[in-house]
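So this one's data.txt, compact mmCIF, C-alpha atoms (C1' of nucleotides):
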# COMPACT_ATOMS: atom_id res chain seq x y z
CA MET A 1 128.46 -31.48 52.22
CA ASP A 2 131.04 -30.37 54.75
CA LEU A 3 128.95 -32.38 57.19
CA VAL A 4 129.54 -35.53 55.17
CA VAL A 5 133.29 -34.92 54.97
CA ARG A 6 133.59 -34.38 58.72
CA ALA A 7 131.45 -37.38 59.64
CA ALA A 8 133.20 -39.66 57.15
CA ARG A 9 136.66 -38.61 58.32
CA ARG A 10 135.67 -39.38 61.88
CA LEU A 11 134.52 -42.85 60.86
CA PHE A 12 137.55 -43.49 58.62
CA VAL A 13 139.82 -42.64 61.55
CA GLU A 14 137.95 -45.05 63.81
CA ARG A 15 137.52 -48.07 61.57
CA GLY A 16 139.46 -47.42 58.37
CA TYR A 17 138.21 -46.83 54.83
CA TYR A 18 137.18 -50.41 54.18
CA GLY A 19 135.58 -50.75 57.62
CA VAL A 20 133.15 -47.89 56.98
CA THR A 21 130.01 -48.38 54.90
CA ILE A 22 127.90 -45.80 53.12
CA PRO A 23 124.91 -46.58 55.38
CA GLN A 24 127.10 -45.72 58.40
CA ILE A 25 128.08 -42.40 56.84
CA VAL A 26 124.40 -41.72 56.17
CA LYS A 27 123.55 -42.35 59.82
CA ALA A 28 126.45 -40.33 61.20
CA SER A 29 125.98 -37.33 58.89
CA GLY A 30 122.20 -37.31 58.59
CA VAL A 31 122.61 -36.95 54.82
CA SER A 32 120.91 -39.50 52.57
CA VAL A 33 122.61 -41.89 50.17
CA GLY A 34 121.32 -40.03 47.12
CA ALA A 35 122.63 -36.67 48.34
CA ILE A 36 126.06 -38.13 49.04
CA TYR A 37 126.34 -39.59 45.54
CA LEU A 38 125.18 -36.30 44.08
CA HIS A 39 128.26 -34.53 45.44
CA PHE A 40 130.82 -37.36 45.31
CA SER A 41 131.09 -39.67 42.36
CA ASN A 42 131.78 -42.63 44.62
CA LYS A 43 133.19 -43.67 48.00
CA GLU A 44 136.76 -43.45 46.72
CA ASN A 45 136.22 -39.87 45.56
CA LEU A 46 134.88 -38.98 49.00
CA ALA A 47 138.07 -40.37 50.54
CA SER A 48 140.26 -38.37 48.16
CA THR A 49 138.36 -35.20 49.01
CA ILE A 50 138.90 -35.79 52.72
CA TYR A 51 142.62 -36.36 52.16
CA GLN A 52 143.07 -33.24 50.05
CA ARG A 53 141.02 -30.97 52.29
CA THR A 54 142.80 -32.10 55.43
CA LEU A 55 146.21 -31.61 53.85
CA ASP A 56 145.26 -28.16 52.54
CA GLU A 57 143.89 -27.07 55.90
CA PHE A 58 146.99 -28.19 57.74
CA THR A 59 149.34 -26.62 55.22
CA ALA A 60 147.53 -23.30 55.55
CA LYS A 61 147.72 -23.32 59.34
CA PHE A 62 151.36 -24.32 59.20
CA THR A 63 152.35 -21.56 56.79
CA LYS A 64 150.51 -19.02 58.91
CA CYS A 65 152.11 -20.06 62.19
CA LEU A 66 155.62 -19.60 60.77
CA MET A 67 155.04 -16.02 59.63
CA GLY A 68 157.49 -13.64 61.25
CA VAL A 69 159.33 -16.32 63.21
CA GLU A 70 163.10 -16.05 62.89
CA SER A 71 165.28 -18.54 64.73
CA THR A 72 165.32 -22.25 64.03
CA ARG A 73 164.38 -23.00 67.59
CA ASP A 74 161.36 -20.72 67.49
CA LYS A 75 160.21 -22.10 64.16
CA LEU A 76 160.27 -25.61 65.54
CA ARG A 77 158.49 -24.41 68.65
CA ALA A 78 155.77 -22.80 66.53
CA PHE A 79 155.32 -26.04 64.61
CA SER A 80 155.06 -28.02 67.84
CA GLU A 81 152.56 -25.68 69.43
CA LEU A 82 150.42 -25.76 66.29
CA VAL A 83 150.36 -29.54 66.31
CA PHE A 84 149.45 -29.63 70.01
CA GLU A 85 146.71 -27.08 69.52
CA ILE A 86 145.15 -29.00 66.63
CA THR A 87 145.30 -32.19 68.67
CA GLU A 88 143.10 -30.62 71.33
CA GLU A 89 140.75 -28.62 69.13
CA ASP A 90 140.27 -30.97 66.19
CA PRO A 91 141.50 -34.39 67.28
CA ASP A 92 139.87 -36.08 64.27
CA MET A 93 141.98 -33.99 61.92
CA MET A 94 145.15 -34.82 63.80
CA GLU A 95 144.39 -38.51 64.06
CA TYR A 96 143.59 -38.61 60.37
CA MET A 97 146.94 -37.00 59.62
CA LEU A 98 148.74 -39.64 61.64
CA THR A 99 146.89 -42.65 60.24
CA ALA A 100 146.48 -41.83 56.53
CA ARG A 101 149.06 -43.82 54.57
CA PRO A 102 149.17 -45.62 51.24
CA GLY A 103 146.92 -48.65 51.49
CA SER A 104 144.70 -47.18 54.19
CA SER A 105 142.45 -46.12 51.32
CA PRO A 106 142.65 -46.35 47.53
CA ASP A 107 144.50 -43.41 45.99
CA CYS A 108 146.15 -42.26 49.20
CA PRO A 109 149.40 -41.11 47.55
CA MET A 110 151.52 -40.78 50.68
CA PRO A 111 151.35 -40.48 54.45
CA LEU A 112 150.31 -36.97 55.39
CA CYS A 113 153.30 -36.98 57.73
CA SER A 114 155.56 -37.10 54.66
CA THR A 115 153.91 -34.22 52.81
CA ALA A 116 155.00 -30.63 52.24
CA PRO A 117 154.70 -29.28 55.80
CA PHE A 118 156.75 -32.10 57.28
CA ARG A 119 159.34 -31.80 54.54
CA GLU A 120 159.47 -28.09 55.34
CA VAL A 121 160.37 -29.00 58.92
CA GLN A 122 163.27 -31.03 57.52
CA ARG A 123 164.39 -27.95 55.60
CA ILE A 124 164.21 -25.82 58.74
CA VAL A 125 166.37 -28.32 60.58
CA ALA A 126 168.89 -28.43 57.73
CA ALA A 127 169.13 -24.63 57.85
CA GLY A 128 169.58 -24.81 61.62
CA ILE A 129 172.53 -27.15 61.20
CA ALA A 130 174.10 -24.81 58.66
CA ALA A 131 173.60 -21.89 61.08
CA GLY A 132 175.23 -23.79 63.94
CA GLU A 133 172.09 -23.80 66.07
CA ILE A 134 171.71 -27.57 65.72
CA LYS A 135 174.54 -30.04 66.10
CA PRO A 136 176.16 -31.15 62.87
CA GLY A 137 175.20 -34.40 61.17
CA ASN A 138 172.49 -35.95 59.01
CA TYR A 139 169.63 -33.45 58.83
CA LEU A 140 167.01 -36.15 58.33
CA ILE A 141 168.05 -37.92 61.51
CA ALA A 142 167.93 -34.62 63.39
CA ALA A 143 164.49 -33.75 62.02
CA ILE A 144 163.18 -37.17 63.00
CA SER A 145 164.63 -36.84 66.47
CA TYR A 146 162.80 -33.56 67.01
CA THR A 147 159.46 -34.39 65.42
CA GLY A 148 159.51 -37.89 66.94
CA VAL A 149 159.12 -36.42 70.41
CA ILE A 150 156.27 -34.18 69.28
CA VAL A 151 154.39 -36.69 67.15
CA ARG A 152 154.63 -39.47 69.72
CA ALA A 153 153.18 -37.19 72.35
CA VAL A 154 150.26 -36.48 70.04
CA GLU A 155 149.69 -40.19 69.42
CA LEU A 156 149.62 -41.03 73.11
CA ARG A 157 147.39 -38.06 73.87
CA LEU A 158 144.92 -39.21 71.22
CA GLN A 159 145.01 -42.70 72.71
CA GLY A 160 144.29 -41.30 76.15
CA VAL A 161 147.62 -42.39 77.62
CA ILE A 162 148.46 -38.75 78.36
CA GLN A 163 145.68 -37.36 80.53
CA GLN A 164 146.53 -33.65 80.44
CA PRO A 165 145.90 -31.38 77.47
CA LEU A 166 149.13 -31.13 75.49
CA PRO A 167 149.51 -27.35 75.86
CA GLU A 168 149.99 -27.97 79.59
CA VAL A 169 153.03 -30.16 79.00
CA ALA A 170 154.15 -28.47 75.79
CA ASP A 171 157.09 -26.66 77.40
CA ASP A 172 158.64 -29.87 78.73
CA LEU A 173 158.14 -31.72 75.45
CA ILE A 174 159.55 -28.90 73.33
CA GLU A 175 162.51 -28.56 75.69
CA ASN A 176 163.24 -32.28 75.40
CA ALA A 177 162.87 -32.28 71.63
CA TRP A 178 165.27 -29.36 71.35
CA ALA A 179 167.74 -30.96 73.76
CA ALA A 180 167.85 -33.96 71.42
CA ILE A 181 169.32 -31.94 68.55
CA ARG A 182 170.73 -28.60 69.76
CA ALA A 183 174.38 -27.74 69.20
CA ALA A 184 176.62 -28.02 72.25
CA SER A 185 176.95 -24.23 72.34
CA GLN A 186 173.13 -23.70 72.53
CA SER A 187 171.23 -23.57 75.81
CA MET B 1 149.02 -72.58 59.66
CA ASP B 2 151.91 -70.32 60.51
CA LEU B 3 151.92 -69.58 56.78
CA VAL B 4 148.37 -68.24 57.01
CA VAL B 5 149.19 -66.07 60.01
CA ARG B 6 152.24 -64.55 58.30
CA ALA B 7 150.47 -63.94 54.99
CA ALA B 8 147.39 -62.49 56.68
CA ARG B 9 149.44 -60.16 58.87
CA ARG B 10 151.23 -58.89 55.80
CA LEU B 11 147.92 -58.15 54.11
CA PHE B 12 146.36 -56.62 57.23
CA VAL B 13 149.33 -54.26 57.50
CA GLU B 14 148.95 -53.24 53.86
CA ARG B 15 145.20 -52.76 53.58
CA GLY B 16 143.72 -53.14 57.05
CA TYR B 17 141.48 -55.88 58.45
CA TYR B 18 138.36 -54.82 56.55
CA GLY B 19 140.29 -54.29 53.33
CA VAL B 20 141.49 -57.89 53.21
CA THR B 21 139.24 -60.71 51.98
CA ILE B 22 139.50 -64.40 52.65
CA PRO B 23 140.12 -65.10 48.93
CA GLN B 24 143.13 -62.76 49.11
CA ILE B 25 144.49 -64.65 52.11
CA VAL B 26 143.98 -67.89 50.20
CA LYS B 27 145.96 -66.57 47.26
CA ALA B 28 148.76 -65.09 49.36
CA SER B 29 149.18 -68.12 51.63
CA GLY B 30 148.45 -70.91 49.17
CA VAL B 31 146.13 -72.46 51.76
CA SER B 32 142.53 -73.17 50.78
CA VAL B 33 139.42 -71.67 52.34
CA GLY B 34 138.43 -74.93 53.97
CA ALA B 35 141.81 -75.39 55.61
CA ILE B 36 141.78 -71.86 56.99
CA TYR B 37 138.36 -72.33 58.58
CA LEU B 38 139.49 -75.65 60.02
CA HIS B 39 142.13 -73.90 62.13
CA PHE B 40 140.43 -70.56 62.77
CA SER B 41 136.78 -70.31 63.70
CA ASN B 42 136.39 -67.16 61.60
CA LYS B 43 138.21 -64.13 60.21
CA GLU B 44 137.99 -62.30 63.52
CA ASN B 45 139.60 -65.21 65.33
CA LEU B 46 142.44 -65.18 62.81
CA ALA B 47 143.00 -61.49 63.55
CA SER B 48 143.05 -62.14 67.32
CA THR B 49 145.59 -64.91 66.84
CA ILE B 50 147.85 -62.59 64.85
CA TYR B 51 147.58 -59.90 67.52
CA GLN B 52 148.35 -62.26 70.38
CA ARG B 53 151.21 -64.04 68.64
CA THR B 54 152.87 -60.81 67.59
CA LEU B 55 152.61 -59.38 71.11
CA ASP B 56 153.97 -62.58 72.65
CA GLU B 57 156.88 -62.73 70.25
CA PHE B 58 157.85 -59.12 70.88
CA THR B 59 157.51 -59.48 74.65
CA ALA B 60 159.80 -62.51 74.61
CA LYS B 61 162.46 -60.73 72.54
CA PHE B 62 162.20 -57.69 74.76
CA THR B 63 162.59 -59.60 78.01
CA LYS B 64 165.58 -61.45 76.61
CA CYS B 65 167.37 -58.33 75.38
CA LEU B 66 167.22 -56.75 78.85
CA MET B 67 168.85 -59.71 80.62
CA GLY B 68 172.04 -58.68 82.42
CA VAL B 69 171.78 -55.01 81.45
CA GLU B 70 172.31 -52.68 84.39
CA SER B 71 172.16 -48.93 83.79
CA THR B 72 169.09 -47.07 82.65
CA ARG B 73 170.92 -45.77 79.63
CA ASP B 74 171.99 -49.25 78.53
CA LYS B 75 168.52 -50.68 79.06
CA LEU B 76 167.05 -48.02 76.81
CA ARG B 77 169.79 -48.63 74.29
CA ALA B 78 169.04 -52.36 74.29
CA PHE B 79 165.37 -51.63 73.69
CA SER B 80 166.18 -49.30 70.81
CA GLU B 81 168.57 -51.71 69.15
CA LEU B 82 166.00 -54.50 69.42
CA VAL B 83 163.36 -52.36 67.75
CA PHE B 84 165.74 -51.37 64.96
CA GLU B 85 166.78 -54.96 64.41
CA ILE B 86 163.19 -56.17 64.16
CA THR B 87 162.41 -53.36 61.73
CA GLU B 88 165.06 -54.67 59.34
CA GLU B 89 164.56 -58.40 59.81
CA ASP B 90 160.80 -58.63 60.15
CA PRO B 91 159.33 -55.34 58.93
CA ASP B 92 155.82 -56.81 58.78
CA MET B 93 155.96 -57.53 62.50
CA MET B 94 157.16 -54.03 63.29
CA GLU B 95 154.65 -52.35 61.03
CA TYR B 96 151.87 -54.42 62.55
CA MET B 97 152.98 -53.33 66.02
CA LEU B 98 152.79 -49.69 65.00
CA THR B 99 149.44 -49.87 63.22
CA ALA B 100 147.36 -52.20 65.40
CA ARG B 101 144.98 -50.10 67.50
CA PRO B 102 141.41 -50.42 68.71
CA GLY B 103 139.15 -50.15 65.69
CA SER B 104 141.75 -51.40 63.23
CA SER B 105 140.15 -54.81 63.72
CA PRO B 106 137.38 -56.15 65.93
CA ASP B 107 138.62 -57.21 69.37
CA CYS B 108 141.90 -55.31 69.17
CA PRO B 109 142.03 -54.41 72.86
CA MET B 110 144.75 -51.78 72.70
CA PRO B 111 147.59 -50.44 70.57
CA LEU B 112 150.55 -52.78 70.80
CA CYS B 113 152.61 -49.68 71.58
CA SER B 114 150.71 -49.35 74.85
CA THR B 115 151.17 -52.93 75.99
CA ALA B 116 153.46 -54.49 78.62
CA PRO B 117 156.85 -53.94 76.93
CA PHE B 118 156.20 -50.26 76.32
CA ARG B 119 154.89 -49.80 79.84
CA GLU B 120 158.06 -51.50 81.05
CA VAL B 121 160.06 -48.81 79.23
CA GLN B 122 158.10 -46.22 81.20
CA ARG B 123 159.07 -48.05 84.41
CA ILE B 124 162.74 -48.05 83.39
CA VAL B 125 162.58 -44.31 82.78
CA ALA B 126 160.89 -43.71 86.13
CA ALA B 127 163.68 -45.68 87.84
CA GLY B 128 166.24 -43.64 85.91
CA ILE B 129 164.75 -40.43 87.24
CA ALA B 130 164.86 -41.76 90.80
CA ALA B 131 168.51 -42.76 90.30
CA GLY B 132 169.43 -39.30 89.00
CA GLU B 133 170.44 -40.57 85.56
CA ILE B 134 167.51 -38.82 83.90
CA LYS B 135 166.47 -35.25 84.60
CA PRO B 136 163.65 -34.88 87.13
CA GLY B 137 160.05 -34.39 86.03
CA ASN B 138 157.06 -36.32 84.71
CA TYR B 139 158.27 -39.84 83.88
CA LEU B 140 155.64 -40.33 81.19
CA ILE B 141 156.78 -37.23 79.34
CA ALA B 142 160.38 -38.41 79.57
CA ALA B 143 159.52 -41.90 78.32
CA ILE B 144 157.61 -40.43 75.39
CA SER B 145 160.51 -38.14 74.55
CA TYR B 146 162.88 -41.06 74.36
CA THR B 147 160.70 -43.60 72.59
CA GLY B 148 159.34 -40.91 70.26
CA VAL B 149 162.72 -40.54 68.61
CA ILE B 150 163.08 -44.31 68.21
CA VAL B 151 159.54 -45.09 67.05
CA ARG B 152 159.43 -42.22 64.57
CA ALA B 153 162.66 -43.42 63.00
CA VAL B 154 161.10 -46.85 62.59
CA GLU B 155 157.99 -45.39 60.96
CA LEU B 156 159.96 -43.38 58.44
CA ARG B 157 162.26 -46.31 57.73
CA LEU B 158 159.23 -48.52 57.01
CA GLN B 159 157.85 -45.81 54.73
CA GLY B 160 161.13 -45.66 52.86
CA VAL B 161 161.90 -42.08 53.88
CA ILE B 162 165.07 -43.26 55.60
CA GLN B 163 167.15 -45.09 53.00
CA GLN B 164 169.81 -46.65 55.21
CA PRO B 165 169.22 -49.67 57.45
CA LEU B 166 168.50 -48.40 60.95
CA PRO B 167 171.44 -50.15 62.61
CA GLU B 168 173.70 -47.87 60.54
CA VAL B 169 172.19 -44.73 62.08
CA ALA B 170 171.31 -46.30 65.43
CA ASP B 171 174.13 -44.61 67.33
CA ASP B 172 173.05 -41.11 66.29
CA LEU B 173 169.39 -41.79 67.03
CA ILE B 174 170.10 -43.33 70.41
CA GLU B 175 172.42 -40.45 71.30
CA ASN B 176 169.72 -37.92 70.39
CA ALA B 177 167.03 -39.80 72.30
CA TRP B 178 169.23 -39.91 75.38
CA ALA B 179 170.16 -36.24 75.04
CA ALA B 180 166.46 -35.42 75.20
CA ILE B 181 166.07 -36.78 78.73
CA ARG B 182 169.46 -37.19 80.44
CA ALA B 183 170.22 -35.39 83.67
CA ALA B 184 172.51 -32.35 83.38
CA SER B 185 175.26 -34.28 85.16
CA GLN B 186 175.19 -37.15 82.62
CA SER B 187 177.28 -37.18 79.46
C1' DG C 1 117.33 -31.29 44.84
C1' DT C 2 116.41 -34.91 48.09
C1' DC C 3 115.03 -39.42 49.39
C1' DT C 4 113.69 -44.54 49.27
C1' DA C 5 113.81 -48.85 47.10
C1' DT C 6 116.32 -52.01 44.61
C1' DA C 7 119.66 -54.13 41.28
C1' DG C 8 123.91 -56.44 40.99
C1' DC C 9 128.06 -57.89 43.06
C1' DC C 10 131.21 -59.92 46.21
C1' DC C 11 132.17 -61.42 50.77
C1' DG C 12 132.24 -64.68 54.82
C1' DA C 13 131.19 -69.10 56.04
C1' DT C 14 129.66 -73.98 55.16
C1' DA C 15 128.50 -78.50 53.21
C1' DG C 16 129.80 -82.30 50.89
C1' DA C 17 132.98 -84.67 47.35
C1' DC C 18 137.43 -86.89 47.35
C1' DG D 1 142.23 -83.77 56.21
C1' DT D 2 141.88 -80.90 52.19
C1' DC D 3 139.46 -78.61 48.54
C1' DT D 4 135.67 -76.65 45.53
C1' DA D 5 131.07 -75.13 44.86
C1' DT D 6 127.50 -72.62 46.79
C1' DC D 7 124.22 -70.00 50.11
C1' DG D 8 122.73 -66.11 52.44
C1' DG D 9 123.77 -61.38 53.64
C1' DG D 10 125.21 -56.82 53.13
C1' DC D 11 127.65 -53.81 50.40
C1' DT D 12 128.06 -49.97 46.53
C1' DA D 13 125.82 -47.45 43.31
C1' DT D 14 121.57 -46.19 40.65
C1' DA D 15 116.83 -45.28 39.10
C1' DG D 16 112.73 -43.16 39.75
C1' DA D 17 109.07 -41.00 43.05
C1' DC D 18 108.23 -36.56 45.18

Let me see the structure of the file written as structure tokens.
Amino acid sequence: MDLVVRAARRLFVERGYYGVTIPQIVKASGVSVGAIYLHFSNKENLASTIYQRTLDEFTAKFTKCLMGVESTRDKLRAFSELVFEITEEDPDMMEYMLTARPGSSPDCPMPLCSTAPFREVQRIVAAGIAAGEIKPGNYLIAAISYTGVIVRAVELRLQGVIQQPLPEVADDLIENAWAAIRAASQS
Amino acid sequence: MDLVVRAARRLFVERGYYGVTIPQIVKASGVSVGAIYLHFSNKENLASTIYQRTLDEFTAKFTKCLMGVESTRDKLRAFSELVFEITEEDPDMMEYMLTARPGSSPDCPMPLCSTAPFREVQRIVAAGIAAGEIKPGNYLIAAISYTGVIVRAVELRLQGVIQQPLPEVADDLIENAWAAIRAASQS
DNA sequence: GTCTATAGCCCGATAGAC
DNA sequence: GTCTATCGGGCTATAGAC
């Protein structure tokens, strides 16, 4: 059934929950209608499963990539590099993360970009301000300033506006994002 | 019929093109089915009209806000303040601009965030690099770094993550965005 | 367990009353 | 010009063959 989840997520990203029909999912996944309804009680339940699985997968990757990283700057760099890597290796997952928001499907509780991992980034930034690594001020504004650079790059890469793989321009982007929020004393 | 366009755009933003039915548009606009089909050949044509009108309106505002502005930094500031102002005064318009992309409705040619005004911002940044106001490098990366901060703030404001009206935090955001790309010699 | 065929519903679009 | 009533089509979900 993983096949159904992957195929459906791809289609949901392309045309939205309401723009995708069960027959289309059948064609794209090669799994019949009956088999789909055997594993998912209905279309809405399939959408919830996709949401939950995608969030869990991202959270796991995120937690892992922060292990053993110390400074605020390096933590933010690790987050950025993870996001860039996912964008190249599993663009559907990344695009789903950027487009899922309340209303995009029934029972989508919140945008994935406002869930635990992204709130954790806000916490990292707040700690960085307290440590003097990031310039003083509203931590939410600082977090947005940093992640804005990263997330926008992902969006434009997914749209094909950026031609190069993100890892190739990662250093410049991460440098710019850091320059937006670093304390005057930091390089 | 402007009433239909406004009501339909609101609904499209909330639930997507395929998630909105004609009966819903009838209810939300107070205009009957017959009257809608008298002015728009079909649902798809209504969506195209919304797309075109929104793009035209934004382009006009954008062109106007740049009149008489000289330096690269001030041009980018004018763009940012315009976007923040629209976000507060016509959030439906702004949210539509951020969510409209190919696939979101039939005949959506491109994301509004990749249309003329946003390409013009890229041109402004390229000129800023040539003039030495912005640090040297890939102009597209620089433009993304600046607009990323601004656009992300708009997204989180529309989602309710940012509680204050954007004009109240505009100065901090614009300062951060500029810090991300300014030349070492610039303040 | 897996599929095909179909029931029942609601949508987009239209025709005709006023 | 404006509305309501309706048609045909395609959707979700299920029932029953294999």

For chain C against chain B, which residues fall within 9 Å using all atoms listed in the file, given as a PyMOL selection string?
chain C and resi 11-14

Per residue of chain B within 12 Å of chain D, note the shortest atom pair and the distance in Å to one decimal, counting only C-alpha atoms (C1' of nucleotides), and order the rows by chain and increasing residue number, as a tab-separated table.
residue	atom	partner	partner_atom	distance
B:Val26	CA	D:DC3	C1'	11.8
B:Gly30	CA	D:DC3	C1'	11.9
B:Val31	CA	D:DT2	C1'	9.5
B:Ser32	CA	D:DC3	C1'	6.6
B:Val33	CA	D:DC3	C1'	7.9
B:Gly34	CA	D:DC3	C1'	6.6
B:Ala35	CA	D:DT2	C1'	6.5
B:Ile36	CA	D:DT2	C1'	10.2
B:Tyr37	CA	D:DT2	C1'	11.3
B:Leu38	CA	D:DG1	C1'	9.4
B:His39	CA	D:DG1	C1'	11.5

Using only C-alpha atoms, find each residue of chain B with at least one atom at most 10 Å away from an atom of chain A; report its shortest atom-to-atom pair and that distance in Å (one decimal), sort the rows by chain and rising residue number, and return the result as a tab-separated table.
residue	atom	partner	partner_atom	distance
B:Leu11	CA	A:Gly103	CA	9.9
B:Phe12	CA	A:Gly103	CA	9.8
B:Val13	CA	A:Gly103	CA	8.6
B:Glu14	CA	A:Gly103	CA	5.6
B:Arg15	CA	A:Gly103	CA	4.9
B:Gly16	CA	A:Ser104	CA	6.7
B:Tyr17	CA	A:Gly19	CA	7.9
B:Tyr18	CA	A:Gly19	CA	5.0
B:Gly19	CA	A:Tyr18	CA	5.0
B:Val20	CA	A:Tyr18	CA	8.7
B:Thr99	CA	A:Thr99	CA	8.2
B:Arg101	CA	A:Gln159	CA	9.1
B:Pro102	CA	A:Glu14	CA	8.1
B:Gly103	CA	A:Arg15	CA	4.9
B:Ser104	CA	A:Arg15	CA	5.6
B:Ser105	CA	A:Arg15	CA	7.5
B:Pro106	CA	A:Arg15	CA	9.2
B:Met110	CA	A:Gln159	CA	9.1
B:Pro111	CA	A:Gln159	CA	8.4
B:Cys113	CA	A:Leu156	CA	9.3
B:Ser114	CA	A:Val161	CA	8.1
B:Gly137	CA	A:Asp172	CA	8.7
B:Asn138	CA	A:Asp172	CA	8.9
B:Leu140	CA	A:Ile162	CA	7.9
B:Ile141	CA	A:Leu173	CA	6.9
B:Ala142	CA	A:Asn176	CA	7.9
B:Ala143	CA	A:Val149	CA	9.6
B:Ile144	CA	A:Ala153	CA	6.3
B:Ser145	CA	A:Val149	CA	4.7
B:Tyr146	CA	A:Val149	CA	7.2
B:Thr147	CA	A:Val149	CA	7.7
B:Gly148	CA	A:Gly148	CA	4.5
B:Val149	CA	A:Gly148	CA	4.5
B:Ile150	CA	A:Gly148	CA	7.5
B:Val151	CA	A:Gly148	CA	7.2
B:Arg152	CA	A:Gly148	CA	4.9
B:Ala153	CA	A:Ile144	CA	6.3
B:Val154	CA	A:Ile144	CA	9.9
B:Glu155	CA	A:Gly148	CA	9.7
B:Leu156	CA	A:Ile144	CA	8.4
B:Gln159	CA	A:Pro111	CA	8.4
B:Val161	CA	A:Ser114	CA	8.1
B:Ile162	CA	A:Leu140	CA	7.9
B:Val169	CA	A:Ile141	CA	8.0
B:Ala170	CA	A:Ile141	CA	9.8
B:Asp172	CA	A:Ile141	CA	7.6
B:Leu173	CA	A:Ile141	CA	6.9
B:Ile174	CA	A:Ser145	CA	9.4
B:Glu175	CA	A:Ala180	CA	7.9
B:Asn176	CA	A:Ala180	CA	4.5
B:Ala177	CA	A:Ala180	CA	6.0
B:Trp178	CA	A:Ala180	CA	7.3
B:Ala179	CA	A:Ala180	CA	4.9
B:Ala180	CA	A:Ala180	CA	4.3
B:Ile181	CA	A:Asn176	CA	6.3
B:Arg182	CA	A:Ala179	CA	9.3

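Atom pair atom CA of Glu120 of chain A / atom CA of Leu46 of chain A has a distance of 27.6 Å (rounded to one decimal).
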
Expressed in Å, the length from atom CA of Leu98 of chain B to atom CA of Val125 of chain B is 21.0 Å

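Considering the residues A:Thr49, A:Ser29, A:Thr63, A:Thr115 and counting all atoms listed in the file, Phe79 of chain A has its shortest atom-to-atom contact with A:Thr63.
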